[in-house]
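S.K.: Structure file entry-v6.txt (compact mmCIF, C-alpha atoms and all ligand atoms) is given on the next line.
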# COMPACT_ATOMS: atom_id res chain seq x y z
CA MET A 2 23.33 12.54 -6.20
CA GLN A 3 21.93 15.13 -3.80
CA THR A 4 20.48 14.60 -0.34
CA LEU A 5 17.67 16.44 1.36
CA GLU A 6 17.14 15.76 5.05
CA THR A 7 13.66 16.25 6.49
CA ASP A 8 12.22 15.45 9.94
CA HIS A 9 11.76 11.74 9.19
CA PHE A 10 13.29 11.09 5.77
CA TYR A 11 16.47 11.26 3.75
CA ILE A 12 15.51 12.15 0.19
CA TYR A 13 18.19 11.21 -2.34
CA HIS A 14 17.72 12.60 -5.84
CA TYR A 15 19.41 13.59 -9.06
CA GLY A 16 18.60 17.28 -9.31
CA GLU A 17 14.81 17.25 -8.93
CA ASP A 18 13.20 20.67 -9.16
CA SER A 19 12.28 22.25 -5.84
CA GLN A 20 8.49 22.01 -6.33
CA THR A 21 8.66 18.25 -6.96
CA LEU A 22 10.86 17.78 -3.90
CA LEU A 23 8.51 19.88 -1.79
CA ASP A 24 5.48 17.87 -2.94
CA VAL A 25 7.19 14.52 -2.23
CA VAL A 26 8.32 15.72 1.21
CA ASN A 27 4.83 17.04 2.05
CA ALA A 28 3.23 13.75 0.96
CA LEU A 29 5.59 11.76 3.19
CA GLU A 30 5.83 14.04 6.22
CA GLY A 31 2.07 14.68 5.98
CA SER A 32 1.44 10.92 6.35
CA PHE A 33 4.08 10.11 8.93
CA THR A 34 2.19 10.74 12.18
CA ARG A 35 -1.08 9.31 10.85
CA LEU A 36 0.57 6.02 9.80
CA VAL A 37 2.81 5.66 12.82
CA ASN A 38 -0.24 6.14 15.07
CA ILE A 39 -2.31 3.50 13.26
CA PHE A 40 0.45 0.90 13.58
CA ALA A 41 1.82 2.17 16.91
CA ALA A 42 1.22 -1.04 18.88
CA GLY A 43 3.10 -3.19 16.36
CA LEU A 44 5.93 -0.70 16.05
CA GLU A 45 6.26 -0.60 19.83
CA ALA A 46 6.20 -4.39 20.13
CA ASN A 47 9.02 -4.61 17.59
CA LYS A 48 10.86 -1.72 19.22
CA VAL A 49 10.88 0.32 16.01
CA ASP A 50 10.42 4.06 16.38
CA LEU A 51 11.34 5.08 12.82
CA SER A 52 13.40 7.92 14.28
CA GLU A 53 16.22 6.71 12.07
CA ARG A 54 15.18 8.54 8.94
CA VAL A 55 13.65 6.41 6.18
CA LYS A 56 15.62 6.53 2.93
CA VAL A 57 13.84 7.60 -0.24
CA THR A 58 15.54 7.71 -3.62
CA ILE A 59 13.91 9.53 -6.54
CA TYR A 60 15.15 8.41 -9.97
CA PRO A 61 14.97 10.83 -12.88
CA ASN A 62 13.18 8.47 -15.29
CA GLN A 63 11.79 4.93 -15.64
CA GLN A 64 14.94 3.52 -17.16
CA ALA A 65 17.12 4.67 -14.26
CA PHE A 66 14.52 3.45 -11.77
CA HIS A 67 14.22 0.01 -13.34
CA GLN A 68 17.98 -0.32 -13.46
CA ALA A 69 18.19 0.62 -9.78
CA ILE A 70 15.64 -1.99 -8.69
CA ASN A 71 17.43 -4.57 -10.78
CA TYR A 72 14.34 -5.64 -12.65
CA HIS A 73 14.82 -6.85 -16.19
CA ASN A 74 12.01 -5.81 -18.58
CA PRO A 75 9.56 -4.70 -15.90
CA PRO A 76 6.05 -3.63 -16.83
CA ASP A 77 5.88 0.18 -16.91
CA TRP A 78 3.29 0.33 -14.11
CA ILE A 79 6.05 -0.55 -11.65
CA VAL A 80 6.98 2.96 -10.51
CA GLY A 81 7.85 2.48 -6.84
CA THR A 82 9.26 -0.13 -4.47
CA ALA A 83 9.91 -0.45 -0.76
CA SER A 84 12.39 -3.04 0.36
CA GLY A 85 15.02 -3.22 3.04
CA GLY A 86 13.53 -0.09 4.57
CA HIS A 87 14.35 1.96 1.46
CA ILE A 88 11.75 3.56 -0.81
CA LYS A 89 12.61 3.95 -4.48
CA ILE A 90 10.37 5.81 -6.91
CA VAL A 91 10.54 7.28 -10.37
CA SER A 92 10.32 11.07 -10.37
CA PRO A 93 6.75 12.43 -10.27
CA ALA A 94 7.97 15.04 -12.78
CA ASN A 95 8.86 12.34 -15.32
CA PRO A 96 6.98 9.19 -14.34
CA GLY A 97 6.43 7.48 -17.71
CA PRO A 98 3.26 6.59 -19.60
CA SER A 99 1.37 4.56 -16.97
CA THR A 100 0.89 7.25 -14.34
CA ASN A 101 1.09 10.97 -13.65
CA TYR A 102 2.44 13.55 -11.22
CA ASP A 103 -0.41 13.45 -8.70
CA ARG A 104 -0.65 9.67 -8.68
CA MET A 105 3.11 9.45 -8.02
CA LEU A 106 2.53 11.48 -4.85
CA THR A 107 0.21 8.69 -3.66
CA VAL A 108 2.69 6.02 -4.82
CA VAL A 109 5.37 7.38 -2.51
CA VAL A 110 2.92 7.21 0.44
CA HIS A 111 1.87 3.67 -0.67
CA GLU A 112 5.53 2.62 -0.46
CA PHE A 113 5.88 4.28 2.95
CA VAL A 114 2.88 2.28 4.22
CA HIS A 115 4.78 -0.88 3.20
CA ILE A 116 7.77 0.32 5.27
CA VAL A 117 5.62 1.00 8.34
CA VAL A 118 3.63 -2.26 8.05
CA ASN A 119 6.76 -4.34 7.48
CA ALA A 120 8.34 -2.75 10.56
CA ALA A 121 5.21 -3.19 12.70
CA TYR A 122 4.83 -6.85 11.70
CA ALA A 123 8.49 -7.75 11.36
CA THR A 124 8.02 -10.93 13.37
CA LEU A 125 5.32 -12.31 11.08
CA HIS A 126 6.62 -14.80 8.57
CA ASN A 127 4.67 -13.39 5.74
CA ILE A 128 2.01 -10.87 4.90
CA PRO A 129 0.23 -12.16 1.81
CA GLU A 130 0.06 -9.87 -1.19
CA TYR A 131 -3.67 -9.08 -1.05
CA LEU A 132 -3.22 -7.88 2.53
CA SER A 133 0.08 -6.08 2.03
CA GLU A 134 -1.07 -4.27 -1.13
CA GLY A 135 -4.53 -3.70 0.33
CA LEU A 136 -3.06 -1.92 3.35
CA ALA A 137 -0.65 0.13 1.22
CA SER A 138 -3.40 1.16 -1.22
CA TYR A 139 -6.06 1.88 1.39
CA TYR A 140 -3.84 3.91 3.68
CA SER A 141 -2.45 5.98 0.80
CA PHE A 142 -6.00 6.76 -0.42
CA GLN A 143 -5.55 5.10 -3.81
CA ALA A 144 -9.22 4.15 -4.04
CA ARG A 145 -9.99 5.60 -7.43
CA GLY A 146 -9.42 3.19 -10.29
CA LEU A 147 -8.78 0.27 -7.98
CA GLN A 148 -12.49 -0.06 -7.33
CA ASN A 149 -13.39 -0.70 -10.96
CA LEU A 150 -12.24 -4.32 -11.06
CA VAL A 151 -14.16 -5.15 -7.89
CA ARG A 152 -17.23 -3.18 -8.92
CA ASN A 153 -17.38 -5.04 -12.24
CA ALA A 154 -17.03 -8.41 -10.52
CA VAL A 155 -19.89 -7.52 -8.19
CA LYS A 156 -22.01 -6.30 -11.08
CA ASP A 157 -21.25 -9.33 -13.27
CA ASN A 158 -21.91 -11.81 -10.47
CA ASN A 159 -18.33 -12.91 -10.68
CA PHE A 160 -17.07 -12.20 -7.16
CA PRO A 161 -14.19 -14.48 -6.09
CA ASP A 162 -14.31 -16.69 -2.99
CA MET A 163 -11.95 -16.05 -0.07
CA ASN A 164 -9.37 -18.66 -1.01
CA THR A 165 -9.03 -17.01 -4.42
CA VAL A 166 -8.54 -13.62 -2.77
CA PHE A 167 -5.94 -15.03 -0.33
CA ALA A 168 -3.90 -16.32 -3.30
CA MET A 169 -4.01 -13.12 -5.37
CA ASN A 170 -0.76 -11.48 -6.40
CA THR A 171 0.07 -8.05 -7.77
CA SER A 172 -0.75 -9.03 -11.34
CA ASN A 173 -4.15 -10.62 -10.70
CA GLY A 174 -6.08 -8.49 -8.24
CA ALA A 175 -4.10 -8.07 -5.01
CA TYR A 176 -4.35 -4.25 -5.18
CA SER A 177 -8.07 -4.01 -5.95
CA TYR A 178 -9.38 -6.83 -3.80
CA GLY A 179 -6.88 -6.07 -1.04
CA HIS A 180 -8.05 -2.48 -0.97
CA ALA A 181 -11.71 -3.55 -0.90
CA PHE A 182 -10.99 -6.07 1.87
CA VAL A 183 -9.17 -3.58 4.10
CA GLU A 184 -11.84 -0.95 3.52
CA TYR A 185 -14.58 -3.41 4.44
CA VAL A 186 -12.86 -4.55 7.65
CA VAL A 187 -12.08 -0.99 8.76
CA GLU A 188 -15.56 0.36 7.93
CA GLU A 189 -17.55 -2.52 9.38
CA TYR A 190 -15.32 -3.83 12.19
CA GLY A 191 -12.86 -1.03 12.97
CA THR A 192 -9.10 -0.58 12.90
CA ASP A 193 -8.43 -2.73 15.98
CA THR A 194 -10.03 -5.73 14.28
CA LEU A 195 -7.98 -5.09 11.14
CA LEU A 196 -4.78 -5.05 13.23
CA GLU A 197 -5.82 -8.29 14.93
CA TYR A 198 -6.49 -9.82 11.52
CA ILE A 199 -3.04 -8.84 10.21
CA GLN A 200 -1.58 -10.66 13.19
CA LYS A 201 -3.71 -13.84 13.00
CA GLN A 202 -4.88 -13.96 9.37
CA ARG A 203 -7.72 -16.34 10.26
CA ILE A 204 -11.21 -15.19 9.23
CA GLU A 205 -12.83 -17.86 11.42
CA THR A 206 -10.94 -16.76 14.54
CA VAL A 207 -11.06 -13.01 14.12
CA PHE A 208 -14.61 -12.59 12.80
CA ASP A 209 -16.14 -15.75 14.21
CA LEU A 210 -17.57 -16.52 10.77
CA SER A 211 -16.97 -19.24 8.20
CA LEU A 212 -15.11 -18.19 5.05
CA SER A 213 -18.27 -18.41 2.97
CA VAL A 214 -20.43 -16.39 5.38
CA PHE A 215 -17.70 -13.72 5.63
CA ASN A 216 -17.54 -13.68 1.82
CA ASP A 217 -21.35 -13.28 1.55
CA GLU A 218 -21.38 -10.42 4.05
CA TRP A 219 -18.44 -8.69 2.31
CA LEU A 220 -20.24 -9.01 -1.02
CA ALA A 221 -23.44 -7.58 0.49
CA TYR A 222 -21.42 -4.60 1.76
CA LEU A 223 -19.94 -4.07 -1.72
CA VAL A 224 -23.35 -4.26 -3.37
CA LYS A 225 -24.53 -1.60 -0.92
CA THR A 226 -21.52 0.72 -1.25
CA TYR A 227 -20.09 0.22 -4.77
CA LEU A 228 -23.22 -0.17 -6.87
CA PRO A 229 -25.31 2.94 -7.35
ZN ZN B 1 2.70 -2.01 -2.97
Give the structure from the file, written as structure tokens.
Ligand SMILES: [Zn+2]
M.R.:
Amino acid sequence: MQTLETDHFYIYHYGEDSQTLLDVVNALEGSFTRLVNIFAAGLEANKVDLSERVKVTIYPNQQAFHQAINYHNPPDWIVGTASGGHIKIVSPANPGPSTNYDRMLTVVVHEFVHIVVNAAYATLHNIPEYLSEGLASYYSFQARGLQNLVRNAVKDNNFPDMNTVFAMNTSNGAYSYGHAFVEYVVEEYGTDTLLEYIQKQRIETVFDLSLSVFNDEWLAYLVKTYLP
């Protein structure tokens, strides 16, 4: 295994070509200041400065990656993880059938968002999956593709209520609805309100609206922005 040390990351890899390494490093270093600034207050409160470099391991293929994350028979769309402060991804140069090179460069940023959010909110018991995946997807600009599920639900008059969204997991909508939720809160209420919401996770308290009125207003926003 080889190690590349950059300003804020240790990149461990098994002989990646230099262009792939450069692209991964640029994706991560290019996001570092932006993400640390967004979550600065939480990072400060938890006394995390991320100056200890974040570890990133790039595995040469899906099989090696799945072995490393200790996941038996995983679906092949699992191509990156972030746990214990360590990012693991399959190589963008050989990512398997479910993704491609450019998308892997957003996956590595998605995983880094998880690292930053987990550090900034380390004292919270739990960040539910719709919120955790919504933040990671939104702040790594993974909008394309994720919007289809939500757009179709809006179009088909099949939009879920808030309690359904709160209970979503990664296999039933947490990415798409989480992304749409975070986008809505940031666009309509601003980043400070989003940060307050991550802390409190109470629609009624943060937005001063009932769940159903919030849901109606969110849906109206989606009709306006997602439907042509
Ligand atoms: Zn994620």
S.K.: Which residues are close to Glu45 of chain A, i.e. within 12 Å by only C-alpha atoms, leaving aside same-chain residues fewer than 4 positions away? Reply as a list of chain:residue names.
M.R.: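 In the requested form, the answer reads A:Val37, A:Asn38, A:Ile39, A:Phe40, A:Ala41, A:Val49, A:Asp50, A:Leu51, A:Val117, A:Ala120, A:Ala121, A:Tyr122, A:Ala123.
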S.K.: Quick one: write out the picked residues with C-alpha atoms as a short mmCIF file (atom, residue, chain, number, x, y, z; two decimals), in the frame of the given file?
M.R.:
data_model
loop_
_atom_site.label_atom_id
_atom_site.label_comp_id
_atom_site.auth_asym_id
_atom_site.auth_seq_id
_atom_site.Cartn_x
_atom_site.Cartn_y
_atom_site.Cartn_z
CA VAL A 37 2.81 5.66 12.82
CA ASN A 38 -0.24 6.14 15.07
CA ILE A 39 -2.31 3.50 13.26
CA PHE A 40 0.45 0.90 13.58
CA ALA A 41 1.82 2.17 16.91
CA VAL A 49 10.88 0.32 16.01
CA ASP A 50 10.42 4.06 16.38
CA LEU A 51 11.34 5.08 12.82
CA VAL A 117 5.62 1.00 8.34
CA ALA A 120 8.34 -2.75 10.56
CA ALA A 121 5.21 -3.19 12.70
CA TYR A 122 4.83 -6.85 11.70
CA ALA A 123 8.49 -7.75 11.36
#
S.K.: Leaving out Val151 of chain A and any residue of its chain fewer than 6 positions from it, which residues lie within 9 Å of it when counting only C-alpha atoms, given as a list in words?
M.R.: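 Listed by chain and then number, they are Phe160, Gly174, Ser177, Tyr178, Ala181, Leu223 and Tyr227 of chain A.
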S.K.: Put a box with edges along x, y and z around all the listed atoms of segment 97-105 of chain A, pad it by 8 Å on each side, then give me its centre and sizes in Å, one decimal, as AutoDock Vina command-line options.
M.R.:
--center_x 2.9 --center_y 9.1 --center_z -13.8 --size_x 23.1 --size_y 25.0 --size_z 27.6
S.K.: Using all atoms listed in the file, which residue out of A:Ala42, A:Leu220, A:Val80, A:Leu23 lies closest to ligand ZN 1 (chain B)?
M.R.: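 Under the stated criterion, the closest residue is A:Val80.
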S.K.: Can you pull out every residue within 12 Å of Leu150 of chain A, counting only C-alpha atoms, but drop anything in the same chain fewer than 4 positions away, and send it as a ChimeraX atom specification?
M.R.: /A:144-146,154-157,159-161,173-181,227
S.K.: Listing only residues of chain A within 6 Å of ligand ZN 1 (chain B), what is the closest atom pair and its distance in Å (to one decimal) for each, using all atoms listed in the file, sorted by chain and residue number ascending, as a Markdown table?
M.R.:
| residue | atom | partner | partner_atom | distance |
| --- | --- | --- | --- | --- |
| A:Glu112 | CA | B:ZN1 | ZN | 6.0 |
| A:Glu134 | CA | B:ZN1 | ZN | 4.8 |
| A:Ala137 | CA | B:ZN1 | ZN | 5.8 |
S.K.: Could you please determine the separation between atom CA of Gly86 of chain A and atom CA of Ile116 of chain A in Å, to one decimal place?
M.R.: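 Between these atoms lies a distance of 5.8 Å.
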S.K.: Please fill the gaps in segment 102-125 of chain A so it has N, CA and C atoms, and write that as a PDB file, in the frame of the given file.
M.R.:
ATOM      1  N   TYR A 102       1.820  12.860 -12.357  1.00  0.00           N
ATOM      2  CA  TYR A 102       2.440  13.550 -11.220  1.00  0.00           C
ATOM      3  C   TYR A 102       1.666  13.301  -9.912  1.00  0.00           C
ATOM      4  N   ASP A 103       0.365  13.572  -9.940  1.00  0.00           N
ATOM      5  CA  ASP A 103      -0.410  13.450  -8.700  1.00  0.00           C
ATOM      6  C   ASP A 103      -0.468  12.009  -8.198  1.00  0.00           C
ATOM      7  N   ARG A 104      -0.599  11.071  -9.116  1.00  0.00           N
ATOM      8  CA  ARG A 104      -0.650   9.670  -8.680  1.00  0.00           C
ATOM      9  C   ARG A 104       0.676   9.246  -8.076  1.00  0.00           C
ATOM     10  N   MET A 105       1.794   9.789  -8.606  1.00  0.00           N
ATOM     11  CA  MET A 105       3.110   9.450  -8.020  1.00  0.00           C
ATOM     12  C   MET A 105       3.207   9.923  -6.572  1.00  0.00           C
ATOM     13  N   LEU A 106       2.495  11.004  -6.236  1.00  0.00           N
ATOM     14  CA  LEU A 106       2.530  11.480  -4.850  1.00  0.00           C
ATOM     15  C   LEU A 106       1.750  10.544  -3.928  1.00  0.00           C
ATOM     16  N   THR A 107       0.828   9.742  -4.487  1.00  0.00           N
ATOM     17  CA  THR A 107       0.210   8.690  -3.660  1.00  0.00           C
ATOM     18  C   THR A 107       1.074   7.422  -3.676  1.00  0.00           C
ATOM     19  N   VAL A 108       1.810   7.197  -4.770  1.00  0.00           N
ATOM     20  CA  VAL A 108       2.690   6.020  -4.820  1.00  0.00           C
ATOM     21  C   VAL A 108       3.753   6.102  -3.720  1.00  0.00           C
ATOM     22  N   VAL A 109       4.301   7.285  -3.516  1.00  0.00           N
ATOM     23  CA  VAL A 109       5.370   7.380  -2.510  1.00  0.00           C
ATOM     24  C   VAL A 109       4.805   7.107  -1.112  1.00  0.00           C
ATOM     25  N   VAL A 110       3.556   7.513  -0.862  1.00  0.00           N
ATOM     26  CA  VAL A 110       2.920   7.210   0.440  1.00  0.00           C
ATOM     27  C   VAL A 110       2.609   5.706   0.519  1.00  0.00           C
ATOM     28  N   HIS A 111       2.117   5.131  -0.593  1.00  0.00           N
ATOM     29  CA  HIS A 111       1.870   3.670  -0.670  1.00  0.00           C
ATOM     30  C   HIS A 111       3.141   2.912  -0.253  1.00  0.00           C
ATOM     31  N   GLU A 112       4.275   3.323  -0.797  1.00  0.00           N
ATOM     32  CA  GLU A 112       5.530   2.620  -0.460  1.00  0.00           C
ATOM     33  C   GLU A 112       5.882   2.842   1.015  1.00  0.00           C
ATOM     34  N   PHE A 113       5.593   4.018   1.531  1.00  0.00           N
ATOM     35  CA  PHE A 113       5.880   4.280   2.950  1.00  0.00           C
ATOM     36  C   PHE A 113       4.985   3.419   3.851  1.00  0.00           C
ATOM     37  N   VAL A 114       3.728   3.185   3.444  1.00  0.00           N
ATOM     38  CA  VAL A 114       2.880   2.280   4.220  1.00  0.00           C
ATOM     39  C   VAL A 114       3.538   0.897   4.303  1.00  0.00           C
ATOM     40  N   HIS A 115       4.074   0.420   3.167  1.00  0.00           N
ATOM     41  CA  HIS A 115       4.780  -0.880   3.200  1.00  0.00           C
ATOM     42  C   HIS A 115       5.904  -0.857   4.252  1.00  0.00           C
ATOM     43  N   ILE A 116       6.659   0.227   4.301  1.00  0.00           N
ATOM     44  CA  ILE A 116       7.770   0.320   5.270  1.00  0.00           C
ATOM     45  C   ILE A 116       7.232   0.227   6.697  1.00  0.00           C
ATOM     46  N   VAL A 117       6.164   0.973   6.977  1.00  0.00           N
ATOM     47  CA  VAL A 117       5.620   1.000   8.340  1.00  0.00           C
ATOM     48  C   VAL A 117       5.030  -0.367   8.704  1.00  0.00           C
ATOM     49  N   VAL A 118       4.257  -0.959   7.776  1.00  0.00           N
ATOM     50  CA  VAL A 118       3.630  -2.260   8.050  1.00  0.00           C
ATOM     51  C   VAL A 118       4.702  -3.339   8.223  1.00  0.00           C
ATOM     52  N   ASN A 119       5.704  -3.333   7.347  1.00  0.00           N
ATOM     53  CA  ASN A 119       6.760  -4.340   7.480  1.00  0.00           C
ATOM     54  C   ASN A 119       7.495  -4.203   8.807  1.00  0.00           C
ATOM     55  N   ALA A 120       7.668  -2.966   9.271  1.00  0.00           N
ATOM     56  CA  ALA A 120       8.340  -2.750  10.560  1.00  0.00           C
ATOM     57  C   ALA A 120       7.432  -3.198  11.709  1.00  0.00           C
ATOM     58  N   ALA A 121       6.140  -2.875  11.605  1.00  0.00           N
ATOM     59  CA  ALA A 121       5.210  -3.190  12.700  1.00  0.00           C
ATOM     60  C   ALA A 121       4.956  -4.689  12.815  1.00  0.00           C
ATOM     61  N   TYR A 122       5.108  -5.411  11.698  1.00  0.00           N
ATOM     62  CA  TYR A 122       4.830  -6.850  11.700  1.00  0.00           C
ATOM     63  C   TYR A 122       6.064  -7.642  11.318  1.00  0.00           C
ATOM     64  N   ALA A 123       7.209  -7.140  11.747  1.00  0.00           N
ATOM     65  CA  ALA A 123       8.490  -7.750  11.360  1.00  0.00           C
ATOM     66  C   ALA A 123       8.603  -9.198  11.802  1.00  0.00           C
ATOM     67  N   THR A 124       7.884  -9.555  12.867  1.00  0.00           N
ATOM     68  CA  THR A 124       8.020 -10.930  13.370  1.00  0.00           C
ATOM     69  C   THR A 124       7.099 -11.916  12.658  1.00  0.00           C
ATOM     70  N   LEU A 125       6.159 -11.390  11.855  1.00  0.00           N
ATOM     71  CA  LEU A 125       5.320 -12.310  11.080  1.00  0.00           C
ATOM     72  C   LEU A 125       6.145 -12.911   9.956  1.00  0.00           C
TER      73      LEU A 125
END
